[in-house]
$ cat target_24.pdb   # PDB, C-alpha atoms, pLDDT in the B column
ATOM      1  CA  ASP A  13      -5.574  43.131  27.564  1.00 59.00           C
ATOM      2  CA  THR A  14      -5.641  40.636  30.437  1.00 64.00           C
ATOM      3  CA  GLU A  15      -8.860  38.945  29.504  1.00 90.00           C
ATOM      4  CA  VAL A  16      -9.922  35.551  28.269  1.00 96.00           C
ATOM      5  CA  THR A  17     -13.205  35.680  26.375  1.00 96.00           C
ATOM      6  CA  GLN A  18     -15.565  32.806  25.678  1.00 97.00           C
ATOM      7  CA  THR A  19     -18.555  32.499  23.387  1.00 97.00           C
ATOM      8  CA  PRO A  20     -21.348  31.727  23.651  1.00 97.00           C
ATOM      9  CA  LYS A  21     -22.214  32.437  27.285  1.00 96.00           C
ATOM     10  CA  HIS A  22     -25.021  29.908  27.211  1.00 97.00           C
ATOM     11  CA  LEU A  23     -25.677  26.985  24.877  1.00 97.00           C
ATOM     12  CA  VAL A  24     -28.551  24.538  24.753  1.00 96.00           C
ATOM     13  CA  MET A  25     -28.175  21.605  22.417  1.00 94.00           C
ATOM     14  CA  GLY A  26     -29.791  18.306  21.657  1.00 92.00           C
ATOM     15  CA  MET A  27     -27.921  15.037  21.780  1.00 90.00           C
ATOM     16  CA  THR A  28     -27.693  14.867  17.988  1.00 90.00           C
ATOM     17  CA  ASN A  29     -26.471  18.430  17.475  1.00 91.00           C
ATOM     18  CA  LYS A  30     -22.995  19.621  16.584  1.00 95.00           C
ATOM     19  CA  LYS A  31     -21.849  22.849  18.198  1.00 96.00           C
ATOM     20  CA  SER A  32     -18.610  24.623  19.046  1.00 97.00           C
ATOM     21  CA  LEU A  33     -17.347  26.624  21.976  1.00 98.00           C
ATOM     22  CA  LYS A  34     -14.839  29.394  21.329  1.00 98.00           C
ATOM     23  CA  CYS A  35     -12.148  30.918  23.489  1.00 98.00           C
ATOM     24  CA  GLU A  36      -9.831  33.822  22.735  1.00 97.00           C
ATOM     25  CA  GLN A  37      -6.952  35.531  24.532  1.00 96.00           C
ATOM     26  CA  HIS A  38      -4.646  38.335  23.453  1.00 90.00           C
ATOM     27  CA  MET A  39      -2.110  38.156  26.262  1.00 92.00           C
ATOM     28  CA  GLY A  40       0.463  36.344  24.155  1.00 91.00           C
ATOM     29  CA  HIS A  41       0.004  33.212  26.234  1.00 92.00           C
ATOM     30  CA  ARG A  42       1.191  30.008  24.595  1.00 90.00           C
ATOM     31  CA  ALA A  43      -0.601  27.531  26.844  1.00 91.00           C
ATOM     32  CA  MET A  44      -4.381  27.153  26.724  1.00 94.00           C
ATOM     33  CA  TYR A  45      -6.695  24.866  28.650  1.00 95.00           C
ATOM     34  CA  TRP A  46     -10.226  23.498  28.616  1.00 97.00           C
ATOM     35  CA  TYR A  47     -11.909  22.629  31.893  1.00 97.00           C
ATOM     36  CA  LYS A  48     -15.300  21.190  32.744  1.00 97.00           C
ATOM     37  CA  GLN A  49     -16.967  22.314  35.943  1.00 96.00           C
ATOM     38  CA  LYS A  50     -20.055  20.829  37.523  1.00 95.00           C
ATOM     39  CA  ALA A  51     -22.085  22.856  40.004  1.00 91.00           C
ATOM     40  CA  LYS A  52     -20.296  23.529  43.299  1.00 88.00           C
ATOM     41  CA  LYS A  53     -17.337  21.363  42.239  1.00 93.00           C
ATOM     42  CA  PRO A  54     -13.785  22.294  41.287  1.00 95.00           C
ATOM     43  CA  PRO A  55     -12.858  22.495  37.619  1.00 95.00           C
ATOM     44  CA  GLU A  56     -11.707  19.279  35.954  1.00 96.00           C
ATOM     45  CA  LEU A  57      -8.969  19.550  33.373  1.00 95.00           C
ATOM     46  CA  MET A  58      -9.900  18.249  29.927  1.00 97.00           C
ATOM     47  CA  PHE A  59      -7.226  19.395  27.466  1.00 96.00           C
ATOM     48  CA  VAL A  60      -4.014  21.402  27.415  1.00 93.00           C
ATOM     49  CA  TYR A  61      -2.509  23.019  24.341  1.00 93.00           C
ATOM     50  CA  SER A  62       1.041  24.265  24.188  1.00 90.00           C
ATOM     51  CA  TYR A  63       2.202  26.297  21.194  1.00 90.00           C
ATOM     52  CA  GLU A  64      -0.954  25.216  19.355  1.00 93.00           C
ATOM     53  CA  LYS A  65      -0.245  21.526  19.839  1.00 93.00           C
ATOM     54  CA  LEU A  66      -2.295  19.225  22.026  1.00 94.00           C
ATOM     55  CA  SER A  67      -0.177  18.327  25.037  1.00 90.00           C
ATOM     56  CA  ILE A  68      -2.639  16.730  27.427  1.00 89.00           C
ATOM     57  CA  ASN A  69      -5.895  14.887  26.865  1.00 92.00           C
ATOM     58  CA  GLU A  70      -7.259  13.786  30.220  1.00 92.00           C
ATOM     59  CA  SER A  71      -9.016  10.753  28.746  1.00 92.00           C
ATOM     60  CA  VAL A  72     -11.871  12.877  27.494  1.00 96.00           C
ATOM     61  CA  PRO A  73     -14.526  11.106  25.374  1.00 96.00           C
ATOM     62  CA  SER A  74     -14.171  11.623  21.635  1.00 95.00           C
ATOM     63  CA  ARG A  75     -17.472  13.485  21.476  1.00 96.00           C
ATOM     64  CA  PHE A  76     -15.366  16.442  22.669  1.00 97.00           C
ATOM     65  CA  SER A  77     -12.860  17.549  20.034  1.00 97.00           C
ATOM     66  CA  PRO A  78     -10.490  20.440  20.747  1.00 97.00           C
ATOM     67  CA  GLU A  79      -8.841  22.603  18.152  1.00 97.00           C
ATOM     68  CA  CYS A  80      -6.274  25.376  18.372  1.00 96.00           C
ATOM     69  CA  PRO A  81      -6.286  27.276  15.050  1.00 94.00           C
ATOM     70  CA  ASN A  82      -3.711  29.805  16.221  1.00 92.00           C
ATOM     71  CA  SER A  83      -1.996  31.045  19.344  1.00 89.00           C
ATOM     72  CA  SER A  84      -4.948  33.224  20.364  1.00 94.00           C
ATOM     73  CA  LEU A  85      -7.866  30.904  19.700  1.00 97.00           C
ATOM     74  CA  LEU A  86      -9.087  27.673  21.189  1.00 97.00           C
ATOM     75  CA  ASN A  87     -12.204  25.810  20.114  1.00 98.00           C
ATOM     76  CA  LEU A  88     -14.067  22.881  21.580  1.00 98.00           C
ATOM     77  CA  HIS A  89     -16.216  21.001  19.093  1.00 98.00           C
ATOM     78  CA  LEU A  90     -19.143  19.106  20.527  1.00 97.00           C
ATOM     79  CA  HIS A  91     -20.998  16.221  18.913  1.00 95.00           C
ATOM     80  CA  ALA A  92     -23.435  13.613  20.180  1.00 94.00           C
ATOM     81  CA  LEU A  93     -23.226  14.804  23.755  1.00 95.00           C
ATOM     82  CA  GLN A  94     -25.067  13.260  26.663  1.00 95.00           C
ATOM     83  CA  PRO A  95     -27.177  15.051  29.273  1.00 96.00           C
ATOM     84  CA  GLU A  96     -24.458  14.387  31.857  1.00 96.00           C
ATOM     85  CA  ASP A  97     -22.152  16.579  29.781  1.00 97.00           C
ATOM     86  CA  SER A  98     -24.170  19.593  30.900  1.00 97.00           C
ATOM     87  CA  ALA A  99     -21.758  21.812  32.813  1.00 97.00           C
ATOM     88  CA  LEU A 100     -19.841  25.072  32.794  1.00 96.00           C
ATOM     89  CA  TYR A 101     -16.965  24.846  30.329  1.00 97.00           C
ATOM     90  CA  LEU A 102     -14.047  27.054  31.204  1.00 97.00           C
ATOM     91  CA  CYS A 103     -11.156  28.115  29.061  1.00 97.00           C
ATOM     92  CA  ALA A 104      -7.897  29.288  30.602  1.00 96.00           C
ATOM     93  CA  SER A 105      -4.486  30.422  29.448  1.00 94.00           C
ATOM     94  CA  SER A 106      -1.026  30.856  30.920  1.00 92.00           C
ATOM     95  CA  GLN A 107       2.256  32.169  29.603  1.00 88.00           C
ATOM     96  CA  ALA A 108       3.731  28.835  28.654  1.00 73.00           C
ATOM     97  CA  LEU A 109       4.080  25.308  29.865  1.00 71.00           C
ATOM     98  CA  GLY A 110       7.204  24.436  31.779  1.00 70.00           C
ATOM     99  CA  ARG A 111       6.626  27.509  33.927  1.00 67.00           C
ATOM    100  CA  GLY A 112       4.825  25.977  36.853  1.00 68.00           C
ATOM    101  CA  ALA A 113       4.810  29.214  38.792  1.00 79.00           C
ATOM    102  CA  ASP A 114       2.535  30.921  36.285  1.00 86.00           C
ATOM    103  CA  GLU A 115      -1.077  31.447  37.225  1.00 91.00           C
ATOM    104  CA  GLN A 116      -3.808  30.555  34.806  1.00 93.00           C
ATOM    105  CA  PHE A 117      -6.240  33.206  33.586  1.00 94.00           C
ATOM    106  CA  PHE A 118      -9.792  31.931  33.222  1.00 95.00           C
ATOM    107  CA  GLY A 119     -12.583  33.007  30.951  1.00 96.00           C
ATOM    108  CA  PRO A 120     -16.151  33.454  32.197  1.00 95.00           C
ATOM    109  CA  GLY A 121     -17.208  30.096  30.831  1.00 96.00           C
ATOM    110  CA  THR A 122     -19.946  28.697  28.615  1.00 97.00           C
ATOM    111  CA  ARG A 123     -22.935  27.227  30.413  1.00 96.00           C
ATOM    112  CA  LEU A 124     -23.852  24.139  28.367  1.00 97.00           C
ATOM    113  CA  THR A 125     -27.155  22.319  28.684  1.00 97.00           C
ATOM    114  CA  VAL A 126     -27.655  19.063  26.777  1.00 96.00           C
ATOM    115  CA  LEU A 127     -31.254  17.989  26.349  1.00 94.00           C
TER     116      LEU A 127
ATOM    117  CA  ALA B   4      -1.071  10.900  46.155  1.00 79.00           C
ATOM    118  CA  GLN B   5      -0.952  14.627  45.602  1.00 87.00           C
ATOM    119  CA  SER B   6      -3.946  16.379  47.091  1.00 92.00           C
ATOM    120  CA  VAL B   7      -5.438  19.593  48.403  1.00 96.00           C
ATOM    121  CA  ALA B   8      -7.978  19.743  51.209  1.00 97.00           C
ATOM    122  CA  GLN B   9     -10.344  22.548  52.067  1.00 97.00           C
ATOM    123  CA  PRO B  10     -11.891  21.259  55.279  1.00 96.00           C
ATOM    124  CA  GLU B  11     -14.805  23.682  55.395  1.00 97.00           C
ATOM    125  CA  ASP B  12     -17.647  23.577  52.883  1.00 96.00           C
ATOM    126  CA  GLN B  13     -18.803  26.986  54.031  1.00 97.00           C
ATOM    127  CA  VAL B  14     -17.459  29.827  56.132  1.00 98.00           C
ATOM    128  CA  ASN B  15     -19.774  32.459  57.565  1.00 98.00           C
ATOM    129  CA  VAL B  16     -18.395  35.839  58.611  1.00 98.00           C
ATOM    130  CA  ALA B  17     -19.909  39.133  59.628  1.00 98.00           C
ATOM    131  CA  GLU B  18     -18.961  42.125  57.522  1.00 98.00           C
ATOM    132  CA  GLY B  19     -15.977  43.930  58.980  1.00 97.00           C
ATOM    133  CA  ASN B  20     -14.666  40.862  60.779  1.00 98.00           C
ATOM    134  CA  PRO B  21     -11.504  39.059  59.749  1.00 98.00           C
ATOM    135  CA  LEU B  22     -11.916  35.966  57.626  1.00 97.00           C
ATOM    136  CA  THR B  23      -9.900  32.804  57.149  1.00 98.00           C
ATOM    137  CA  VAL B  24     -10.444  30.130  54.520  1.00 98.00           C
ATOM    138  CA  LYS B  25      -8.388  27.041  55.244  1.00 98.00           C
ATOM    139  CA  CYS B  26      -6.315  24.947  52.866  1.00 98.00           C
ATOM    140  CA  THR B  27      -3.908  22.109  53.478  1.00 97.00           C
ATOM    141  CA  TYR B  28      -1.907  20.261  50.875  1.00 96.00           C
ATOM    142  CA  SER B  29      -0.001  17.061  50.354  1.00 94.00           C
ATOM    143  CA  VAL B  30       2.530  17.159  47.529  1.00 91.00           C
ATOM    144  CA  SER B  31       6.056  16.000  46.948  1.00 87.00           C
ATOM    145  CA  GLY B  32       8.780  18.591  46.928  1.00 87.00           C
ATOM    146  CA  ASN B  33       8.268  22.330  47.137  1.00 87.00           C
ATOM    147  CA  PRO B  34       4.678  23.282  46.410  1.00 91.00           C
ATOM    148  CA  TYR B  35       3.423  25.953  44.046  1.00 92.00           C
ATOM    149  CA  LEU B  36       0.177  27.088  45.689  1.00 95.00           C
ATOM    150  CA  PHE B  37      -2.643  29.229  44.332  1.00 96.00           C
ATOM    151  CA  TRP B  38      -5.918  30.741  45.473  1.00 98.00           C
ATOM    152  CA  TYR B  39      -8.752  31.463  43.057  1.00 97.00           C
ATOM    153  CA  VAL B  40     -12.179  32.991  43.632  1.00 97.00           C
ATOM    154  CA  GLN B  41     -15.315  32.253  41.642  1.00 96.00           C
ATOM    155  CA  TYR B  42     -18.391  34.458  41.667  1.00 93.00           C
ATOM    156  CA  PRO B  43     -21.730  32.945  40.589  1.00 87.00           C
ATOM    157  CA  ASN B  44     -21.854  31.973  36.912  1.00 81.00           C
ATOM    158  CA  ARG B  45     -18.344  33.290  36.353  1.00 85.00           C
ATOM    159  CA  GLY B  46     -14.916  31.863  35.707  1.00 89.00           C
ATOM    160  CA  LEU B  47     -12.170  31.657  38.276  1.00 94.00           C
ATOM    161  CA  GLN B  48     -10.211  34.769  39.176  1.00 95.00           C
ATOM    162  CA  PHE B  49      -6.634  34.493  40.378  1.00 95.00           C
ATOM    163  CA  LEU B  50      -6.080  35.959  43.855  1.00 97.00           C
ATOM    164  CA  LEU B  51      -2.519  35.087  44.816  1.00 96.00           C
ATOM    165  CA  LYS B  52       0.188  32.465  44.724  1.00 95.00           C
ATOM    166  CA  TYR B  53       3.086  31.161  46.737  1.00 95.00           C
ATOM    167  CA  ILE B  54       6.147  29.959  44.876  1.00 92.00           C
ATOM    168  CA  THR B  55       9.062  30.700  47.184  1.00 89.00           C
ATOM    169  CA  GLY B  56      10.301  33.362  49.562  1.00 89.00           C
ATOM    170  CA  ASP B  57       8.254  35.251  52.125  1.00 91.00           C
ATOM    171  CA  ASN B  58       5.665  33.025  53.770  1.00 94.00           C
ATOM    172  CA  LEU B  59       3.098  35.816  53.790  1.00 96.00           C
ATOM    173  CA  VAL B  60       1.791  36.469  50.307  1.00 97.00           C
ATOM    174  CA  LYS B  61      -0.325  39.486  49.463  1.00 96.00           C
ATOM    175  CA  GLY B  62      -2.807  39.357  46.627  1.00 95.00           C
ATOM    176  CA  SER B  63      -5.763  41.056  45.012  1.00 92.00           C
ATOM    177  CA  TYR B  64      -8.692  42.751  46.797  1.00 93.00           C
ATOM    178  CA  GLY B  65      -6.906  42.889  50.170  1.00 96.00           C
ATOM    179  CA  PHE B  66      -6.468  39.133  50.473  1.00 97.00           C
ATOM    180  CA  GLU B  67      -3.338  37.507  51.782  1.00 98.00           C
ATOM    181  CA  ALA B  68      -2.260  33.966  52.511  1.00 98.00           C
ATOM    182  CA  GLU B  69       0.230  32.434  54.861  1.00 96.00           C
ATOM    183  CA  PHE B  70       2.347  29.500  53.785  1.00 97.00           C
ATOM    184  CA  ASN B  71       3.237  27.171  56.639  1.00 96.00           C
ATOM    185  CA  LYS B  72       5.545  24.390  55.556  1.00 95.00           C
ATOM    186  CA  SER B  73       5.497  22.476  58.839  1.00 95.00           C
ATOM    187  CA  GLN B  74       1.705  22.386  58.882  1.00 96.00           C
ATOM    188  CA  THR B  75       1.456  22.018  55.093  1.00 96.00           C
ATOM    189  CA  SER B  76      -1.114  24.789  55.067  1.00 97.00           C
ATOM    190  CA  PHE B  77      -1.843  27.816  52.917  1.00 98.00           C
ATOM    191  CA  HIS B  78      -4.752  29.609  54.571  1.00 98.00           C
ATOM    192  CA  LEU B  79      -6.393  32.590  52.883  1.00 98.00           C
ATOM    193  CA  LYS B  80      -7.042  35.612  55.060  1.00 98.00           C
ATOM    194  CA  LYS B  81      -8.477  39.098  54.960  1.00 98.00           C
ATOM    195  CA  PRO B  82      -8.469  41.555  57.882  1.00 97.00           C
ATOM    196  CA  SER B  83     -11.942  42.961  57.231  1.00 97.00           C
ATOM    197  CA  ALA B  84     -14.539  41.069  55.194  1.00 98.00           C
ATOM    198  CA  LEU B  85     -16.896  42.716  52.729  1.00 97.00           C
ATOM    199  CA  VAL B  86     -20.295  41.441  51.624  1.00 97.00           C
ATOM    200  CA  SER B  87     -18.901  41.508  48.086  1.00 96.00           C
ATOM    201  CA  ASP B  88     -16.306  38.902  49.127  1.00 97.00           C
ATOM    202  CA  SER B  89     -19.085  36.312  49.228  1.00 97.00           C
ATOM    203  CA  ALA B  90     -18.094  33.722  46.631  1.00 97.00           C
ATOM    204  CA  LEU B  91     -16.614  30.263  46.136  1.00 97.00           C
ATOM    205  CA  TYR B  92     -12.902  30.000  46.902  1.00 98.00           C
ATOM    206  CA  PHE B  93     -10.585  27.344  45.518  1.00 98.00           C
ATOM    207  CA  CYS B  94      -7.124  26.452  46.736  1.00 98.00           C
ATOM    208  CA  ALA B  95      -4.911  24.708  44.186  1.00 97.00           C
ATOM    209  CA  VAL B  96      -1.438  23.254  43.955  1.00 94.00           C
ATOM    210  CA  ARG B  97       0.575  22.518  40.879  1.00 91.00           C
ATOM    211  CA  ASP B  98       0.852  18.784  40.298  1.00 88.00           C
ATOM    212  CA  PRO B  99       4.595  18.142  40.595  1.00 83.00           C
ATOM    213  CA  TYR B 100       4.247  14.995  38.485  1.00 81.00           C
ATOM    214  CA  SER B 101       2.663  16.772  35.554  1.00 77.00           C
ATOM    215  CA  GLY B 102       6.084  17.373  34.047  1.00 70.00           C
ATOM    216  CA  GLY B 103       6.152  20.670  32.239  1.00 70.00           C
ATOM    217  CA  TYR B 104       2.385  20.792  32.143  1.00 75.00           C
ATOM    218  CA  ASN B 105       0.839  23.238  34.554  1.00 80.00           C
ATOM    219  CA  LYS B 106      -1.742  20.809  35.820  1.00 87.00           C
ATOM    220  CA  LEU B 107      -3.473  22.116  38.927  1.00 92.00           C
ATOM    221  CA  ILE B 108      -4.898  20.001  41.703  1.00 93.00           C
ATOM    222  CA  PHE B 109      -7.890  21.854  43.133  1.00 96.00           C
ATOM    223  CA  GLY B 110      -9.460  21.610  46.528  1.00 96.00           C
ATOM    224  CA  ALA B 111     -13.200  21.008  46.718  1.00 96.00           C
ATOM    225  CA  GLY B 112     -13.895  24.684  47.299  1.00 97.00           C
ATOM    226  CA  THR B 113     -15.165  26.714  50.240  1.00 98.00           C
ATOM    227  CA  ARG B 114     -18.193  28.918  50.013  1.00 97.00           C
ATOM    228  CA  LEU B 115     -17.651  32.191  51.862  1.00 98.00           C
ATOM    229  CA  ALA B 116     -20.765  34.008  53.023  1.00 98.00           C
ATOM    230  CA  VAL B 117     -20.272  37.483  54.466  1.00 98.00           C
ATOM    231  CA  HIS B 118     -23.326  38.804  56.274  1.00 97.00           C
ATOM    232  CA  PRO B 119     -24.108  42.526  56.673  1.00 95.00           C
TER     233      PRO B 119
END
$ encode --input "target_24.pdb" --output "structure tokens"
Amino acid sequence: DTEVTQTPKHLVMGMTNKKSLKCEQHMGHRAMYWYKQKAKKPPELMFVYSYEKLSINESVPSRFSPECPNSSLLNLHLHALQPEDSALYLCASSQALGRGADEQFFGPGTRLTVL
Amino acid sequence: AQSVAQPEDQVNVAEGNPLTVKCTYSVSGNPYLFWYVQYPNRGLQFLLKYITGDNLVKGSYGFEAEFNKSQTSFHLKKPSALVSDSALYFCAVRDPYSGGYNKLIFGAGTRLAVHP
């Protein structure tokens, strides 16, 4: 299985809602990533997990809260978002950190709209 | 500063013609370079990478890329374009200052439009 899956595909939420994005991979990868992508722009790195521990937080606002319950799952908890947070949220994985030659495998993304 | 440039916002090619999507980079040391493709409302798909060795790298779907150290370029090529190749293409380089973290520096992206 060489696939990264993400649910839901689409999410519409109000600014007072709490929601979660989910990501799953079964490739045995030990590094997992969250990216935010605005239309026609490159992805922007948000968080990196290595062996289920948060390794990088790219100064992301606290209204985004990542969680890695196990080596296959990655969640992104959302609370009190702003309309400008509307974007495509991509999850990715790679074999492990410290292996800079490894490509990242991306999921299809969750299209988030904040009203 | 480490950076990747894709000088063309859009490339238009007729089906069957060769295509080139340009990428230049500026990083310290030996670069790890990647090409990804993104179809509408989809995630990024890995096409190919250059780490070391042969300057001509072959990847998925008939794509290849040529690493040129003197010109600091890593252009994506395909001998015969297909309409289905129409998508957004991103060049990326590993940030050498990200320590053990595989942080990628992406170019702005180039939209490839292949016309029948």
$ interface_residues --input "target_24.pdb" --of "chain B" --to "chain A" --cutoff "8 Å" --atoms "all atoms listed in the file" --output "PDB file with C-alpha atoms, in the frame of the given file"
ATOM      1  CA  TYR B  35       3.423  25.953  44.046  1.00 92.00           C
ATOM      2  CA  PHE B  37      -2.643  29.229  44.332  1.00 96.00           C
ATOM      3  CA  ASN B  44     -21.854  31.973  36.912  1.00 81.00           C
ATOM      4  CA  ARG B  45     -18.344  33.290  36.353  1.00 85.00           C
ATOM      5  CA  GLY B  46     -14.916  31.863  35.707  1.00 89.00           C
ATOM      6  CA  LEU B  47     -12.170  31.657  38.276  1.00 94.00           C
ATOM      7  CA  GLN B  48     -10.211  34.769  39.176  1.00 95.00           C
ATOM      8  CA  PHE B  49      -6.634  34.493  40.378  1.00 95.00           C
ATOM      9  CA  LYS B  52       0.188  32.465  44.724  1.00 95.00           C
ATOM     10  CA  ILE B  54       6.147  29.959  44.876  1.00 92.00           C
ATOM     11  CA  PHE B  93     -10.585  27.344  45.518  1.00 98.00           C
ATOM     12  CA  ARG B  97       0.575  22.518  40.879  1.00 91.00           C
ATOM     13  CA  GLY B 102       6.084  17.373  34.047  1.00 70.00           C
ATOM     14  CA  GLY B 103       6.152  20.670  32.239  1.00 70.00           C
ATOM     15  CA  TYR B 104       2.385  20.792  32.143  1.00 75.00           C
ATOM     16  CA  ASN B 105       0.839  23.238  34.554  1.00 80.00           C
ATOM     17  CA  LYS B 106      -1.742  20.809  35.820  1.00 87.00           C
ATOM     18  CA  PHE B 109      -7.890  21.854  43.133  1.00 96.00           C
ATOM     19  CA  GLY B 110      -9.460  21.610  46.528  1.00 96.00           C
ATOM     20  CA  ALA B 111     -13.200  21.008  46.718  1.00 96.00           C
ATOM     21  CA  GLY B 112     -13.895  24.684  47.299  1.00 97.00           C
TER      22      GLY B 112
END
$ atom_distance --input "target_24.pdb" --atom1 "CA of Leu93 (chain A)" --atom2 "CA of Lys50 (chain A)"
15.4 Å
$ resolve_selection --input "target_24.pdb" --expression "the PyMOL selection byres ((chain A and resi 39) around 9)" --output "ChimeraX atom specification"
/A:13-16,37-38,40-42,84,105-107
$ atom_distance --input "target_24.pdb" --atom1 "CA of Ile108 (chain B)" --atom2 "CA of Val96 (chain B)"
5.3 Å
$ atom_distance --input "target_24.pdb" --atom1 "CA of Met58 (chain A)" --atom2 "CA of Gln18 (chain A)"
16.2 Å
$ residues_around --input "target_24.pdb" --residues "Leu124 (chain A)" --least-positions-apart "2" --cutoff "10 Å" --atoms "only C-alpha atoms" --output "PyMOL selection string"
chain A and resi 20-25+33+95+97-101+121-122+126-127
$ residues_around --input "target_24.pdb" --residues "Glu11 (chain B)" --least-positions-apart "6" --cutoff "12 Å" --atoms "all atoms listed in the file" --output "PDB file with C-alpha atoms, in the coordinates of the input"
ATOM      1  CA  THR B  23      -9.900  32.804  57.149  1.00 98.00           C
ATOM      2  CA  VAL B  24     -10.444  30.130  54.520  1.00 98.00           C
ATOM      3  CA  LYS B  25      -8.388  27.041  55.244  1.00 98.00           C
ATOM      4  CA  CYS B  26      -6.315  24.947  52.866  1.00 98.00           C
ATOM      5  CA  THR B  27      -3.908  22.109  53.478  1.00 97.00           C
ATOM      6  CA  HIS B  78      -4.752  29.609  54.571  1.00 98.00           C
ATOM      7  CA  LEU B  91     -16.614  30.263  46.136  1.00 97.00           C
ATOM      8  CA  TYR B  92     -12.902  30.000  46.902  1.00 98.00           C
ATOM      9  CA  PHE B  93     -10.585  27.344  45.518  1.00 98.00           C
ATOM     10  CA  CYS B  94      -7.124  26.452  46.736  1.00 98.00           C
ATOM     11  CA  GLY B 110      -9.460  21.610  46.528  1.00 96.00           C
ATOM     12  CA  ALA B 111     -13.200  21.008  46.718  1.00 96.00           C
ATOM     13  CA  GLY B 112     -13.895  24.684  47.299  1.00 97.00           C
ATOM     14  CA  THR B 113     -15.165  26.714  50.240  1.00 98.00           C
ATOM     15  CA  ARG B 114     -18.193  28.918  50.013  1.00 97.00           C
ATOM     16  CA  LEU B 115     -17.651  32.191  51.862  1.00 98.00           C
TER      17      LEU B 115
END
$ residues_around --input "target_24.pdb" --residues "Asn58 (chain B)" --least-positions-apart "3" --cutoff "8 Å" --atoms "only C-alpha atoms" --output "ChimeraX atom specification"
/B:53,55,69-71
$ resolve_selection --input "target_24.pdb" --expression "the PyMOL selection byres ((chain B and resi 30) around 8)" --output "VMD selection string"
chain B and resid 4 to 6 28 to 29 31 to 34 98 to 99
$ residues_around --input "target_24.pdb" --residues "Asp88 (chain B)" --least-positions-apart "5" --cutoff "9 Å" --atoms "only C-alpha atoms" --output "list in words"
Tyr42, Tyr64, Leu115, Ala116 and Val117 of chain B
$ decode --input "target_24.pdb" --residues "region 120-124 of chain A" --atoms "all heavy atoms" --output "PDB file, in the first residue's frame"
ATOM      1  N   PRO A 120      -4.523  13.166  -0.796  1.00  0.00           N
ATOM      2  CA  PRO A 120      -5.294  14.001  -1.713  1.00  0.00           C
ATOM      3  C   PRO A 120      -5.734  15.329  -1.124  1.00  0.00           C
ATOM      4  O   PRO A 120      -6.155  16.222  -1.867  1.00  0.00           O
ATOM      5  CB  PRO A 120      -6.513  13.130  -2.039  1.00  0.00           C
ATOM      6  CG  PRO A 120      -6.660  12.253  -0.849  1.00  0.00           C
ATOM      7  CD  PRO A 120      -5.276  11.985  -0.351  1.00  0.00           C
ATOM      8  N   GLY A 121      -5.651  15.451   0.187  1.00  0.00           N
ATOM      9  CA  GLY A 121      -5.982  16.718   0.818  1.00  0.00           C
ATOM     10  C   GLY A 121      -7.417  16.807   1.318  1.00  0.00           C
ATOM     11  O   GLY A 121      -8.296  16.046   0.902  1.00  0.00           O
ATOM     12  N   THR A 122      -7.627  17.735   2.229  1.00  0.00           N
ATOM     13  CA  THR A 122      -8.960  18.124   2.695  1.00  0.00           C
ATOM     14  C   THR A 122      -9.158  19.576   2.323  1.00  0.00           C
ATOM     15  O   THR A 122      -8.368  20.434   2.710  1.00  0.00           O
ATOM     16  CB  THR A 122      -9.103  17.960   4.214  1.00  0.00           C
ATOM     17  OG1 THR A 122      -9.040  16.583   4.561  1.00  0.00           O
ATOM     18  CG2 THR A 122     -10.430  18.548   4.686  1.00  0.00           C
ATOM     19  N   ARG A 123     -10.231  19.828   1.573  1.00  0.00           N
ATOM     20  CA  ARG A 123     -10.559  21.203   1.182  1.00  0.00           C
ATOM     21  C   ARG A 123     -11.390  21.804   2.312  1.00  0.00           C
ATOM     22  O   ARG A 123     -12.517  21.407   2.551  1.00  0.00           O
ATOM     23  CB  ARG A 123     -11.350  21.204  -0.120  1.00  0.00           C
ATOM     24  CG  ARG A 123     -11.862  22.571  -0.537  1.00  0.00           C
ATOM     25  CD  ARG A 123     -10.782  23.451  -1.088  1.00  0.00           C
ATOM     26  NE  ARG A 123     -10.107  22.879  -2.254  1.00  0.00           N
ATOM     27  CZ  ARG A 123      -8.998  23.377  -2.775  1.00  0.00           C
ATOM     28  NH1 ARG A 123      -8.433  24.443  -2.242  1.00  0.00           N
ATOM     29  NH2 ARG A 123      -8.448  22.811  -3.824  1.00  0.00           N
ATOM     30  N   LEU A 124     -10.810  22.762   3.030  1.00  0.00           N
ATOM     31  CA  LEU A 124     -11.456  23.381   4.185  1.00  0.00           C
ATOM     32  C   LEU A 124     -11.979  24.759   3.824  1.00  0.00           C
ATOM     33  O   LEU A 124     -11.243  25.573   3.259  1.00  0.00           O
ATOM     34  CB  LEU A 124     -10.467  23.487   5.335  1.00  0.00           C
ATOM     35  CG  LEU A 124     -10.964  24.233   6.569  1.00  0.00           C
ATOM     36  CD1 LEU A 124     -12.075  23.453   7.256  1.00  0.00           C
ATOM     37  CD2 LEU A 124      -9.818  24.495   7.546  1.00  0.00           C
TER      38      LEU A 124
END
